[in-house]
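Presented below is the structure to which this report refers.
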Amino acid sequence: MGIYMFPWRKPKSRNTQICFANAKRQHKCGQTHTKQNMDFSSPIISILLHISLLVSLVCHVYCSETSDQNQTFLPEIEFHKLKNTINIHLQRINKPPVKTIHSFDGDIIDCVPSHKQPAFDHPLLKGQKPLVPPDKPREHNRLDNFSDDFQLWSLSGESCPEGTIPIRRIKEQDMLRGCSISTFGRKLKRVGRDTTGDGHEHAVGYVSGNEYYGAKAGINVWDPQVESQYEFSLSQIWVIAGSFGEDLNTIEAGWQVSPELYGDSYPRFFTYWTSDAYQGTGCYNLLCSGFVQTSSKIAIGAAISPTSTYNGGQFDISLMIWKDPKHGNWWLEYGSGELIGYWPSTLFTHLKDHATMVQFGGEIVNSMSSGSHTSTQMGSGHFAEEGFAKASYFRNMQVVDSDNSLIPLPDLKVVADHPNCYNIQQGTNNGWGNYFYFGGPGRNVKCP
């Protein structure tokens, strides 16, 4: 659910041509939607990029560094072999639908029977069915009423039948943009409290030092500019346990702009999880088995509409993650009551019990593809001190305690990895409780 503080506006058109090479080295062009100034239309760049992606099953976190270096064409037989591997993967994650909905933004939404969703391919979940929703935390600070129609595909007026869930279909072009088949749909990052060495930069508020059983916040939605196809910008909640080593467990949800993952620059609702510090487990959305979706209304990975505008209307989404006291699973709720689904406790080690840290805020990837700091924006692309309707914000931040109650944040701390590029300022008031403004433009005079 989302709250929009001014009348709805139709999203800007973001159409561009993307060309890719086929096995005969001819070129086909298809429509996608983007507002970026990246020249994906060049056949040479496209060929080099896609061949490099198919050649390697494991790549550096910034694929763009290898896209134009020493690339050669694959023999046709090898191309078809790898294309067949992609098709097998697509068959595994795209389940047979009972209904298909075409969104005007180019997405295809498949209505899949809930008991046949990707989650139940997981060896620990095989044969199971979605669980009955648990008791929700007692709320100390209920947010405004929100509308459930916050995704572009739902504006068609069509919906998925009862007993099914909407799943965004993954296409061959989506996988061709990825670093490799084996890492498709996963974050590629080194771990550690300071992850700036791998290009991930943050401006976040966090609490730690206690036992946490969930978190909730209202998250301001924007459509930040992303400089490179292999960068992203996001705003999210992290629920964390374990050390920042190889045993890190995280549950994540929010919105992101990721041209590599989605092929456009729309902000999209997303989820993520890992139980081994992003090394081999977990993924975005439903791109691997794990997260069990229960909602028939919301498609994870689908575009969000409307978005906020500078000096204009502001749009929020409210998300809550909490641990079911009875079964131990971690549930995700959107708005005033729409349950999205849950992460089974069996997926995790440390999060089987409780979280030891909760974070709220923004993250970008800085690949320095041009030799200087990226101009990828965080939040609205404006610094925190500009305030309401100009800077992005999190508001009404709360955590869930051991009594399954939502409580105000105890001792919120804020930190920005590169404050000259992206910063953060916190506050409290009666209407918004704990809140902060955050974000920035990236490259500027003080952030070269």
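In the structure tokens, each chain is lettered A, B, ... as it comes, each chain's residues begin at 1, and ligands are numbered from 1 in order of appearance.
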
With DSSP run on the backbone, what are the strand (DSSP E or B) residues within segment 93-308 of chain A? I'd like them as a PDB file with N, CA, C and O atoms, in the first residue's frame.
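Below is the file that was written, out-v3.pdb:
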```
ATOM      1  N   LYS A  99      -3.206 -17.883 -15.896  1.00  0.00           N
ATOM      2  CA  LYS A  99      -3.615 -16.642 -16.535  1.00  0.00           C
ATOM      3  C   LYS A  99      -2.385 -15.778 -16.715  1.00  0.00           C
ATOM      4  O   LYS A  99      -1.460 -15.822 -15.903  1.00  0.00           O
ATOM      5  N   THR A 100      -2.362 -14.989 -17.781  1.00  0.00           N
ATOM      6  CA  THR A 100      -1.245 -14.085 -18.047  1.00  0.00           C
ATOM      7  C   THR A 100      -1.775 -12.668 -18.252  1.00  0.00           C
ATOM      8  O   THR A 100      -2.778 -12.467 -18.938  1.00  0.00           O
ATOM      9  N   ILE A 101      -1.085 -11.692 -17.623  1.00  0.00           N
ATOM     10  CA  ILE A 101      -1.480 -10.295 -17.721  1.00  0.00           C
ATOM     11  C   ILE A 101      -0.330  -9.508 -18.324  1.00  0.00           C
ATOM     12  O   ILE A 101       0.816  -9.608 -17.856  1.00  0.00           O
ATOM     13  N   HIS A 102      -0.617  -8.722 -19.371  1.00  0.00           N
ATOM     14  CA  HIS A 102       0.404  -7.896 -20.014  1.00  0.00           C
ATOM     15  C   HIS A 102       0.284  -6.463 -19.499  1.00  0.00           C
ATOM     16  O   HIS A 102      -0.753  -5.826 -19.641  1.00  0.00           O
ATOM     17  N   ILE A 108       5.357  -8.977 -18.163  1.00  0.00           N
ATOM     18  CA  ILE A 108       4.352 -10.024 -18.280  1.00  0.00           C
ATOM     19  C   ILE A 108       4.178 -10.623 -16.889  1.00  0.00           C
ATOM     20  O   ILE A 108       5.157 -11.056 -16.261  1.00  0.00           O
ATOM     21  N   ILE A 109       2.960 -10.610 -16.387  1.00  0.00           N
ATOM     22  CA  ILE A 109       2.663 -11.135 -15.056  1.00  0.00           C
ATOM     23  C   ILE A 109       1.939 -12.470 -15.219  1.00  0.00           C
ATOM     24  O   ILE A 109       0.869 -12.534 -15.826  1.00  0.00           O
ATOM     25  N   ASP A 110       2.537 -13.523 -14.693  1.00  0.00           N
ATOM     26  CA  ASP A 110       1.928 -14.846 -14.736  1.00  0.00           C
ATOM     27  C   ASP A 110       1.210 -15.129 -13.421  1.00  0.00           C
ATOM     28  O   ASP A 110       1.782 -14.927 -12.339  1.00  0.00           O
ATOM     29  N   CYS A 111      -0.035 -15.583 -13.500  1.00  0.00           N
ATOM     30  CA  CYS A 111      -0.791 -15.989 -12.317  1.00  0.00           C
ATOM     31  C   CYS A 111      -0.554 -17.493 -12.127  1.00  0.00           C
ATOM     32  O   CYS A 111      -1.067 -18.317 -12.886  1.00  0.00           O
ATOM     33  N   VAL A 112       0.239 -17.824 -11.123  1.00  0.00           N
ATOM     34  CA  VAL A 112       0.699 -19.201 -10.901  1.00  0.00           C
ATOM     35  C   VAL A 112       0.014 -19.772  -9.655  1.00  0.00           C
ATOM     36  O   VAL A 112      -0.076 -19.076  -8.629  1.00  0.00           O
ATOM     37  N   PRO A 113      -0.477 -21.008  -9.702  1.00  0.00           N
ATOM     38  CA  PRO A 113      -1.039 -21.613  -8.489  1.00  0.00           C
ATOM     39  C   PRO A 113      -0.042 -21.518  -7.334  1.00  0.00           C
ATOM     40  O   PRO A 113       1.141 -21.821  -7.507  1.00  0.00           O
ATOM     41  N   ARG A 138       1.508  -6.118  17.818  1.00  0.00           N
ATOM     42  CA  ARG A 138       0.662  -5.062  18.356  1.00  0.00           C
ATOM     43  C   ARG A 138       1.278  -3.720  17.952  1.00  0.00           C
ATOM     44  O   ARG A 138       2.461  -3.475  18.205  1.00  0.00           O
ATOM     45  N   SER A 147      -3.202   2.852  -0.425  1.00  0.00           N
ATOM     46  CA  SER A 147      -3.888   2.130  -1.497  1.00  0.00           C
ATOM     47  C   SER A 147      -3.049   0.939  -1.917  1.00  0.00           C
ATOM     48  O   SER A 147      -1.825   1.020  -1.976  1.00  0.00           O
ATOM     49  N   GLN A 151       1.219  -0.618  -8.203  1.00  0.00           N
ATOM     50  CA  GLN A 151       2.065  -1.208  -9.225  1.00  0.00           C
ATOM     51  C   GLN A 151       1.457  -1.007 -10.610  1.00  0.00           C
ATOM     52  O   GLN A 151       0.232  -1.078 -10.785  1.00  0.00           O
ATOM     53  N   THR A 164      -3.991 -18.176  -6.700  1.00  0.00           N
ATOM     54  CA  THR A 164      -2.777 -17.976  -7.499  1.00  0.00           C
ATOM     55  C   THR A 164      -2.024 -16.764  -6.983  1.00  0.00           C
ATOM     56  O   THR A 164      -2.564 -15.954  -6.228  1.00  0.00           O
ATOM     57  N   ILE A 165      -0.772 -16.636  -7.410  1.00  0.00           N
ATOM     58  CA  ILE A 165       0.036 -15.474  -7.059  1.00  0.00           C
ATOM     59  C   ILE A 165       0.592 -14.862  -8.341  1.00  0.00           C
ATOM     60  O   ILE A 165       0.884 -15.576  -9.304  1.00  0.00           O
ATOM     61  N   PRO A 166       0.729 -13.524  -8.397  1.00  0.00           N
ATOM     62  CA  PRO A 166       1.295 -12.877  -9.586  1.00  0.00           C
ATOM     63  C   PRO A 166       2.818 -12.927  -9.547  1.00  0.00           C
ATOM     64  O   PRO A 166       3.440 -12.507  -8.572  1.00  0.00           O
ATOM     65  N   ILE A 167       3.413 -13.443 -10.605  1.00  0.00           N
ATOM     66  CA  ILE A 167       4.862 -13.542 -10.695  1.00  0.00           C
ATOM     67  C   ILE A 167       5.328 -12.868 -11.980  1.00  0.00           C
ATOM     68  O   ILE A 167       4.827 -13.175 -13.068  1.00  0.00           O
ATOM     69  N   ARG A 168       6.265 -11.937 -11.866  1.00  0.00           N
ATOM     70  CA  ARG A 168       6.830 -11.273 -13.042  1.00  0.00           C
ATOM     71  C   ARG A 168       7.657 -12.287 -13.834  1.00  0.00           C
ATOM     72  O   ARG A 168       8.591 -12.882 -13.321  1.00  0.00           O
ATOM     73  N   HIS A 200      29.881  -0.625  -3.072  1.00  0.00           N
ATOM     74  CA  HIS A 200      28.569  -0.428  -2.456  1.00  0.00           C
ATOM     75  C   HIS A 200      28.668   0.691  -1.421  1.00  0.00           C
ATOM     76  O   HIS A 200      29.461   0.613  -0.489  1.00  0.00           O
ATOM     77  N   GLU A 201      27.863   1.733  -1.592  1.00  0.00           N
ATOM     78  CA  GLU A 201      27.892   2.877  -0.683  1.00  0.00           C
ATOM     79  C   GLU A 201      26.517   3.068  -0.065  1.00  0.00           C
ATOM     80  O   GLU A 201      25.496   2.838  -0.717  1.00  0.00           O
ATOM     81  N   HIS A 202      26.500   3.496   1.203  1.00  0.00           N
ATOM     82  CA  HIS A 202      25.267   3.521   1.978  1.00  0.00           C
ATOM     83  C   HIS A 202      25.067   4.858   2.691  1.00  0.00           C
ATOM     84  O   HIS A 202      26.032   5.560   3.011  1.00  0.00           O
ATOM     85  N   ALA A 203      23.819   5.170   2.954  1.00  0.00           N
ATOM     86  CA  ALA A 203      23.436   6.197   3.919  1.00  0.00           C
ATOM     87  C   ALA A 203      22.278   5.588   4.698  1.00  0.00           C
ATOM     88  O   ALA A 203      21.183   5.435   4.160  1.00  0.00           O
ATOM     89  N   VAL A 204      22.530   5.184   5.945  1.00  0.00           N
ATOM     90  CA  VAL A 204      21.553   4.378   6.669  1.00  0.00           C
ATOM     91  C   VAL A 204      21.399   4.828   8.119  1.00  0.00           C
ATOM     92  O   VAL A 204      22.299   5.424   8.709  1.00  0.00           O
ATOM     93  N   GLY A 205      20.225   4.498   8.664  1.00  0.00           N
ATOM     94  CA  GLY A 205      20.010   4.550  10.096  1.00  0.00           C
ATOM     95  C   GLY A 205      19.934   3.122  10.604  1.00  0.00           C
ATOM     96  O   GLY A 205      19.447   2.240   9.891  1.00  0.00           O
ATOM     97  N   TYR A 206      20.424   2.878  11.830  1.00  0.00           N
ATOM     98  CA  TYR A 206      20.435   1.500  12.317  1.00  0.00           C
ATOM     99  C   TYR A 206      20.338   1.447  13.835  1.00  0.00           C
ATOM    100  O   TYR A 206      20.655   2.413  14.546  1.00  0.00           O
ATOM    101  N   VAL A 207      19.867   0.304  14.313  1.00  0.00           N
ATOM    102  CA  VAL A 207      19.889  -0.021  15.738  1.00  0.00           C
ATOM    103  C   VAL A 207      20.553  -1.373  15.893  1.00  0.00           C
ATOM    104  O   VAL A 207      20.447  -2.240  15.020  1.00  0.00           O
ATOM    105  N   SER A 208      21.253  -1.558  16.992  1.00  0.00           N
ATOM    106  CA  SER A 208      21.937  -2.826  17.262  1.00  0.00           C
ATOM    107  C   SER A 208      22.123  -2.972  18.762  1.00  0.00           C
ATOM    108  O   SER A 208      21.859  -2.050  19.524  1.00  0.00           O
ATOM    109  N   GLY A 209      22.550  -4.162  19.173  1.00  0.00           N
ATOM    110  CA  GLY A 209      22.838  -4.384  20.593  1.00  0.00           C
ATOM    111  C   GLY A 209      21.722  -5.037  21.367  1.00  0.00           C
ATOM    112  O   GLY A 209      21.889  -5.343  22.550  1.00  0.00           O
ATOM    113  N   ASN A 210      20.567  -5.273  20.731  1.00  0.00           N
ATOM    114  CA  ASN A 210      19.449  -5.949  21.375  1.00  0.00           C
ATOM    115  C   ASN A 210      18.942  -7.080  20.486  1.00  0.00           C
ATOM    116  O   ASN A 210      19.503  -7.344  19.421  1.00  0.00           O
ATOM    117  N   GLU A 211      17.888  -7.745  20.936  1.00  0.00           N
ATOM    118  CA  GLU A 211      17.242  -8.761  20.119  1.00  0.00           C
ATOM    119  C   GLU A 211      16.055  -8.118  19.409  1.00  0.00           C
ATOM    120  O   GLU A 211      15.205  -7.495  20.047  1.00  0.00           O
ATOM    121  N   TYR A 212      16.010  -8.282  18.084  1.00  0.00           N
ATOM    122  CA  TYR A 212      14.949  -7.670  17.285  1.00  0.00           C
ATOM    123  C   TYR A 212      14.182  -8.769  16.556  1.00  0.00           C
ATOM    124  O   TYR A 212      14.771  -9.723  16.033  1.00  0.00           O
ATOM    125  N   GLY A 214      11.706  -7.911  14.207  1.00  0.00           N
ATOM    126  CA  GLY A 214      11.074  -7.316  13.043  1.00  0.00           C
ATOM    127  C   GLY A 214      11.296  -5.819  12.979  1.00  0.00           C
ATOM    128  O   GLY A 214      11.941  -5.223  13.854  1.00  0.00           O
ATOM    129  N   ALA A 215      10.772  -5.202  11.906  1.00  0.00           N
ATOM    130  CA  ALA A 215      10.928  -3.764  11.698  1.00  0.00           C
ATOM    131  C   ALA A 215       9.831  -3.264  10.776  1.00  0.00           C
ATOM    132  O   ALA A 215       9.241  -4.025  10.005  1.00  0.00           O
ATOM    133  N   LYS A 216       9.560  -1.972  10.866  1.00  0.00           N
ATOM    134  CA  LYS A 216       8.531  -1.350  10.031  1.00  0.00           C
ATOM    135  C   LYS A 216       8.941   0.078   9.712  1.00  0.00           C
ATOM    136  O   LYS A 216       9.583   0.755  10.528  1.00  0.00           O
ATOM    137  N   ALA A 217       8.566   0.570   8.515  1.00  0.00           N
ATOM    138  CA  ALA A 217       8.845   1.955   8.142  1.00  0.00           C
ATOM    139  C   ALA A 217       8.005   2.360   6.945  1.00  0.00           C
ATOM    140  O   ALA A 217       7.570   1.520   6.149  1.00  0.00           O
ATOM    141  N   GLY A 218       7.788   3.671   6.834  1.00  0.00           N
ATOM    142  CA  GLY A 218       7.250   4.261   5.613  1.00  0.00           C
ATOM    143  C   GLY A 218       8.421   4.725   4.769  1.00  0.00           C
ATOM    144  O   GLY A 218       9.293   5.462   5.246  1.00  0.00           O
ATOM    145  N   ILE A 219       8.486   4.277   3.499  1.00  0.00           N
ATOM    146  CA  ILE A 219       9.633   4.533   2.639  1.00  0.00           C
ATOM    147  C   ILE A 219       9.204   5.405   1.466  1.00  0.00           C
ATOM    148  O   ILE A 219       8.340   5.034   0.678  1.00  0.00           O
ATOM    149  N   ASN A 220       9.810   6.572   1.352  1.00  0.00           N
ATOM    150  CA  ASN A 220       9.551   7.504   0.266  1.00  0.00           C
ATOM    151  C   ASN A 220      10.075   6.920  -1.057  1.00  0.00           C
ATOM    152  O   ASN A 220      11.196   6.423  -1.113  1.00  0.00           O
ATOM    153  N   SER A 233      20.351   1.662  -7.541  1.00  0.00           N
ATOM    154  CA  SER A 233      20.045   2.552  -6.425  1.00  0.00           C
ATOM    155  C   SER A 233      18.813   1.999  -5.732  1.00  0.00           C
ATOM    156  O   SER A 233      17.839   1.639  -6.398  1.00  0.00           O
ATOM    157  N   LEU A 234      18.862   1.905  -4.408  1.00  0.00           N
ATOM    158  CA  LEU A 234      17.734   1.320  -3.688  1.00  0.00           C
ATOM    159  C   LEU A 234      17.497   2.003  -2.350  1.00  0.00           C
ATOM    160  O   LEU A 234      18.362   2.693  -1.816  1.00  0.00           O
ATOM    161  N   SER A 235      16.294   1.806  -1.837  1.00  0.00           N
ATOM    162  CA  SER A 235      15.924   2.191  -0.473  1.00  0.00           C
ATOM    163  C   SER A 235      15.249   0.982   0.152  1.00  0.00           C
ATOM    164  O   SER A 235      14.308   0.436  -0.437  1.00  0.00           O
ATOM    165  N   GLN A 236      15.700   0.575   1.337  1.00  0.00           N
ATOM    166  CA  GLN A 236      15.202  -0.679   1.872  1.00  0.00           C
ATOM    167  C   GLN A 236      15.355  -0.784   3.380  1.00  0.00           C
ATOM    168  O   GLN A 236      15.995   0.043   4.029  1.00  0.00           O
ATOM    169  N   ILE A 237      14.741  -1.859   3.908  1.00  0.00           N
ATOM    170  CA  ILE A 237      14.923  -2.290   5.292  1.00  0.00           C
ATOM    171  C   ILE A 237      15.790  -3.546   5.270  1.00  0.00           C
ATOM    172  O   ILE A 237      15.568  -4.445   4.457  1.00  0.00           O
ATOM    173  N   TRP A 238      16.785  -3.597   6.157  1.00  0.00           N
ATOM    174  CA  TRP A 238      17.585  -4.801   6.365  1.00  0.00           C
ATOM    175  C   TRP A 238      17.296  -5.358   7.767  1.00  0.00           C
ATOM    176  O   TRP A 238      17.347  -4.617   8.752  1.00  0.00           O
ATOM    177  N   VAL A 239      17.025  -6.645   7.866  1.00  0.00           N
ATOM    178  CA  VAL A 239      16.955  -7.342   9.156  1.00  0.00           C
ATOM    179  C   VAL A 239      18.139  -8.307   9.175  1.00  0.00           C
ATOM    180  O   VAL A 239      18.253  -9.162   8.292  1.00  0.00           O
ATOM    181  N   ILE A 240      19.019  -8.167  10.157  1.00  0.00           N
ATOM    182  CA  ILE A 240      20.352  -8.775  10.083  1.00  0.00           C
ATOM    183  C   ILE A 240      20.671  -9.585  11.329  1.00  0.00           C
ATOM    184  O   ILE A 240      20.318  -9.215  12.445  1.00  0.00           O
ATOM    185  N   ALA A 241      21.370 -10.698  11.124  1.00  0.00           N
ATOM    186  CA  ALA A 241      21.922 -11.484  12.236  1.00  0.00           C
ATOM    187  C   ALA A 241      23.222 -12.125  11.770  1.00  0.00           C
ATOM    188  O   ALA A 241      23.459 -12.304  10.571  1.00  0.00           O
ATOM    189  N   ASN A 249      23.388 -13.402   7.938  1.00  0.00           N
ATOM    190  CA  ASN A 249      22.013 -13.651   7.514  1.00  0.00           C
ATOM    191  C   ASN A 249      21.324 -12.306   7.341  1.00  0.00           C
ATOM    192  O   ASN A 249      21.388 -11.457   8.232  1.00  0.00           O
ATOM    193  N   THR A 250      20.646 -12.094   6.207  1.00  0.00           N
ATOM    194  CA  THR A 250      19.862 -10.876   6.038  1.00  0.00           C
ATOM    195  C   THR A 250      18.514 -11.177   5.390  1.00  0.00           C
ATOM    196  O   THR A 250      18.384 -12.106   4.594  1.00  0.00           O
ATOM    197  N   ILE A 251      17.535 -10.376   5.752  1.00  0.00           N
ATOM    198  CA  ILE A 251      16.230 -10.307   5.088  1.00  0.00           C
ATOM    199  C   ILE A 251      16.059  -8.857   4.683  1.00  0.00           C
ATOM    200  O   ILE A 251      16.264  -7.943   5.493  1.00  0.00           O
ATOM    201  N   GLU A 252      15.693  -8.614   3.420  1.00  0.00           N
ATOM    202  CA  GLU A 252      15.673  -7.264   2.888  1.00  0.00           C
ATOM    203  C   GLU A 252      14.419  -7.033   2.052  1.00  0.00           C
ATOM    204  O   GLU A 252      13.961  -7.931   1.349  1.00  0.00           O
ATOM    205  N   ALA A 253      13.899  -5.811   2.124  1.00  0.00           N
ATOM    206  CA  ALA A 253      12.732  -5.452   1.307  1.00  0.00           C
ATOM    207  C   ALA A 253      12.693  -3.941   1.122  1.00  0.00           C
ATOM    208  O   ALA A 253      13.064  -3.186   2.030  1.00  0.00           O
ATOM    209  N   GLY A 254      12.251  -3.505  -0.056  1.00  0.00           N
ATOM    210  CA  GLY A 254      12.164  -2.083  -0.337  1.00  0.00           C
ATOM    211  C   GLY A 254      11.886  -1.850  -1.804  1.00  0.00           C
ATOM    212  O   GLY A 254      11.183  -2.625  -2.445  1.00  0.00           O
ATOM    213  N   TRP A 255      12.453  -0.768  -2.351  1.00  0.00           N
ATOM    214  CA  TRP A 255      12.344  -0.509  -3.791  1.00  0.00           C
ATOM    215  C   TRP A 255      13.730  -0.255  -4.353  1.00  0.00           C
ATOM    216  O   TRP A 255      14.634   0.191  -3.646  1.00  0.00           O
ATOM    217  N   GLN A 256      13.886  -0.548  -5.637  1.00  0.00           N
ATOM    218  CA  GLN A 256      15.182  -0.365  -6.274  1.00  0.00           C
ATOM    219  C   GLN A 256      15.016  -0.008  -7.751  1.00  0.00           C
ATOM    220  O   GLN A 256      14.021  -0.360  -8.381  1.00  0.00           O
ATOM    221  N   VAL A 257      16.023   0.703  -8.275  1.00  0.00           N
ATOM    222  CA  VAL A 257      16.190   0.907  -9.712  1.00  0.00           C
ATOM    223  C   VAL A 257      17.427   0.124 -10.116  1.00  0.00           C
ATOM    224  O   VAL A 257      18.519   0.396  -9.631  1.00  0.00           O
ATOM    225  N   ARG A 268      11.213  -0.384  -8.540  1.00  0.00           N
ATOM    226  CA  ARG A 268      10.463  -1.638  -8.427  1.00  0.00           C
ATOM    227  C   ARG A 268      10.513  -2.181  -7.007  1.00  0.00           C
ATOM    228  O   ARG A 268      11.539  -2.095  -6.330  1.00  0.00           O
ATOM    229  N   PHE A 269       9.400  -2.730  -6.577  1.00  0.00           N
ATOM    230  CA  PHE A 269       9.310  -3.375  -5.269  1.00  0.00           C
ATOM    231  C   PHE A 269      10.130  -4.661  -5.301  1.00  0.00           C
ATOM    232  O   PHE A 269      10.030  -5.445  -6.238  1.00  0.00           O
ATOM    233  N   PHE A 270      10.970  -4.870  -4.274  1.00  0.00           N
ATOM    234  CA  PHE A 270      11.822  -6.052  -4.293  1.00  0.00           C
ATOM    235  C   PHE A 270      11.986  -6.650  -2.897  1.00  0.00           C
ATOM    236  O   PHE A 270      11.751  -6.002  -1.874  1.00  0.00           O
ATOM    237  N   THR A 271      12.412  -7.901  -2.892  1.00  0.00           N
ATOM    238  CA  THR A 271      12.825  -8.585  -1.662  1.00  0.00           C
ATOM    239  C   THR A 271      14.171  -9.243  -1.914  1.00  0.00           C
ATOM    240  O   THR A 271      14.582  -9.449  -3.066  1.00  0.00           O
ATOM    241  N   TYR A 272      14.860  -9.581  -0.832  1.00  0.00           N
ATOM    242  CA  TYR A 272      16.139 -10.303  -0.942  1.00  0.00           C
ATOM    243  C   TYR A 272      16.370 -11.074   0.346  1.00  0.00           C
ATOM    244  O   TYR A 272      15.846 -10.724   1.401  1.00  0.00           O
ATOM    245  N   TRP A 273      17.167 -12.145   0.246  1.00  0.00           N
ATOM    246  CA  TRP A 273      17.603 -12.857   1.448  1.00  0.00           C
ATOM    247  C   TRP A 273      18.926 -13.557   1.170  1.00  0.00           C
ATOM    248  O   TRP A 273      19.271 -13.870   0.023  1.00  0.00           O
ATOM    249  N   THR A 274      19.707 -13.766   2.219  1.00  0.00           N
ATOM    250  CA  THR A 274      20.910 -14.582   2.154  1.00  0.00           C
ATOM    251  C   THR A 274      21.163 -15.177   3.531  1.00  0.00           C
ATOM    252  O   THR A 274      20.816 -14.563   4.554  1.00  0.00           O
ATOM    253  N   TYR A 284      17.199 -12.141  -5.287  1.00  0.00           N
ATOM    254  CA  TYR A 284      16.125 -11.166  -5.370  1.00  0.00           C
ATOM    255  C   TYR A 284      14.791 -11.865  -5.652  1.00  0.00           C
ATOM    256  O   TYR A 284      14.721 -12.864  -6.383  1.00  0.00           O
ATOM    257  N   VAL A 292       8.289 -17.556   0.234  1.00  0.00           N
ATOM    258  CA  VAL A 292       6.971 -18.108  -0.093  1.00  0.00           C
ATOM    259  C   VAL A 292       5.980 -16.955  -0.204  1.00  0.00           C
ATOM    260  O   VAL A 292       5.695 -16.270   0.786  1.00  0.00           O
ATOM    261  N   GLN A 293       5.445 -16.720  -1.409  1.00  0.00           N
ATOM    262  CA  GLN A 293       4.490 -15.631  -1.596  1.00  0.00           C
ATOM    263  C   GLN A 293       3.079 -16.113  -1.305  1.00  0.00           C
ATOM    264  O   GLN A 293       2.687 -17.212  -1.698  1.00  0.00           O
ATOM    265  N   ALA A 303       6.987  -2.817 -11.312  1.00  0.00           N
ATOM    266  CA  ALA A 303       7.230  -1.379 -11.216  1.00  0.00           C
ATOM    267  C   ALA A 303       6.206  -0.693 -10.320  1.00  0.00           C
ATOM    268  O   ALA A 303       5.037  -1.070 -10.275  1.00  0.00           O
ATOM    269  N   ILE A 304       6.677   0.329  -9.615  1.00  0.00           N
ATOM    270  CA  ILE A 304       5.855   1.104  -8.689  1.00  0.00           C
ATOM    271  C   ILE A 304       5.369   2.376  -9.373  1.00  0.00           C
ATOM    272  O   ILE A 304       6.112   3.041 -10.093  1.00  0.00           O
TER     273      ILE A 304
END
```

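Proximity to segment 332-335 of chain A at 6 Å, evaluated using only C-alpha atoms and with sequence-adjacent residues fewer than 2 positions away removed, yields A:Met1, A:Phe146, A:Ser318, A:Leu319, A:Met320, A:Ile321, A:Gly337, A:Glu338, A:Leu339, A:Ile340, A:Gly341, A:Tyr342.
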
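As for atom CA of Asn311 of chain A and atom CA of Ala389 of chain A, they are spaced 4.9 Å apart.
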
Practice prompt. Extract, using only C-alpha atoms, all DNA, RNA and protein residues at most 12 Å from His373 of chain A, discarding same-chain residues fewer than 2 positions from it, and format them as a list in words.
Written response: Gly199, His200, Glu201, Glu227, Ser228, Glu231, Ile364, Val365, Asn366, Ser367, Met368, Ser369, Ser370, Gly371, Ser375, Thr376, Gln377, His418, Asn420, Cys421, Tyr422, Pro441, Gly442, Arg443, Asn444, Val445, Lys446, Cys447 and Pro448 of chain A

Worksheet entry | Contacts of Thr281 of chain A at 10 Å (only C-alpha atoms; same-chain gap of 6+ positions) as a ChimeraX atom specification | /A:186,249,273-275,288-290,347-348

Using backbone DSSP assignments, extract all alpha helix (DSSP H) residues from segment 238-427 of chain A; output them as a PDB file with C-alpha atoms, in the first residue's frame.
```
ATOM      1  CA  PRO A 259      18.734  -1.629 -15.174  1.00  0.00           C
ATOM      2  CA  GLU A 260      20.721  -4.873 -15.186  1.00  0.00           C
ATOM      3  CA  LEU A 261      18.083  -6.869 -13.341  1.00  0.00           C
ATOM      4  CA  TYR A 262      14.943  -5.376 -14.904  1.00  0.00           C
TER       5      TYR A 262
END
```

Worksheet item: From the set A:Lys323, A:Lys187, A:His382, A:His350, which residue has the shortest atom-to-atom contact distance to Val399 of chain A, counting only C-alpha atoms?
Response: A:Lys323

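Counting only C-alpha atoms and comparing A:His354, A:Lys95, A:Lys136, A:Arg169, the residue that lies closest to Ala302 of chain A is A:Arg169.
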
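For Trp322 of chain A, the list of residues within 6 Å, based on only C-alpha atoms and with local chain neighbours fewer than 2 positions off taken out, reads A:Tyr213, A:Gly214, A:Trp330, A:Trp331.
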
Could you write out that same residue set with all heavy atoms as a compact mmCIF listing (two decimals), in the first residue's frame?
```txt
# COMPACT_ATOMS: atom_id res chain seq x y z
N TYR A 213 12.87 -8.59 16.51
CA TYR A 213 12.00 -9.59 15.90
C TYR A 213 11.20 -9.01 14.73
O TYR A 213 10.20 -9.58 14.33
CB TYR A 213 11.07 -10.18 16.96
CG TYR A 213 11.84 -10.94 18.03
CD1 TYR A 213 12.41 -10.27 19.10
CD2 TYR A 213 12.01 -12.32 17.92
CE1 TYR A 213 13.14 -10.95 20.06
CE2 TYR A 213 12.73 -13.02 18.88
CZ TYR A 213 13.30 -12.34 19.94
OH TYR A 213 14.03 -13.03 20.89
N GLY A 214 11.71 -7.91 14.21
CA GLY A 214 11.07 -7.32 13.04
C GLY A 214 11.30 -5.82 12.98
O GLY A 214 11.94 -5.22 13.85
N TRP A 330 9.63 -15.50 9.01
CA TRP A 330 9.67 -14.06 8.91
C TRP A 330 8.69 -13.60 7.84
O TRP A 330 8.87 -13.90 6.66
CB TRP A 330 11.08 -13.58 8.58
CG TRP A 330 12.07 -13.80 9.69
CD1 TRP A 330 12.78 -14.95 9.94
CD2 TRP A 330 12.43 -12.87 10.71
NE1 TRP A 330 13.58 -14.78 11.04
CE2 TRP A 330 13.39 -13.50 11.53
CE3 TRP A 330 12.07 -11.56 10.99
CZ2 TRP A 330 13.98 -12.87 12.63
CZ3 TRP A 330 12.65 -10.92 12.07
CH2 TRP A 330 13.59 -11.57 12.88
N TRP A 331 7.67 -12.84 8.23
CA TRP A 331 6.60 -12.41 7.32
C TRP A 331 6.85 -10.99 6.83
O TRP A 331 7.48 -10.17 7.51
CB TRP A 331 5.25 -12.50 8.00
CG TRP A 331 4.74 -13.91 8.09
CD1 TRP A 331 5.13 -14.88 8.97
CD2 TRP A 331 3.75 -14.51 7.23
NE1 TRP A 331 4.46 -16.05 8.73
CE2 TRP A 331 3.60 -15.86 7.67
CE3 TRP A 331 2.99 -14.06 6.17
CZ2 TRP A 331 2.71 -16.73 7.05
CZ3 TRP A 331 2.11 -14.92 5.55
CH2 TRP A 331 1.97 -16.25 6.00
```
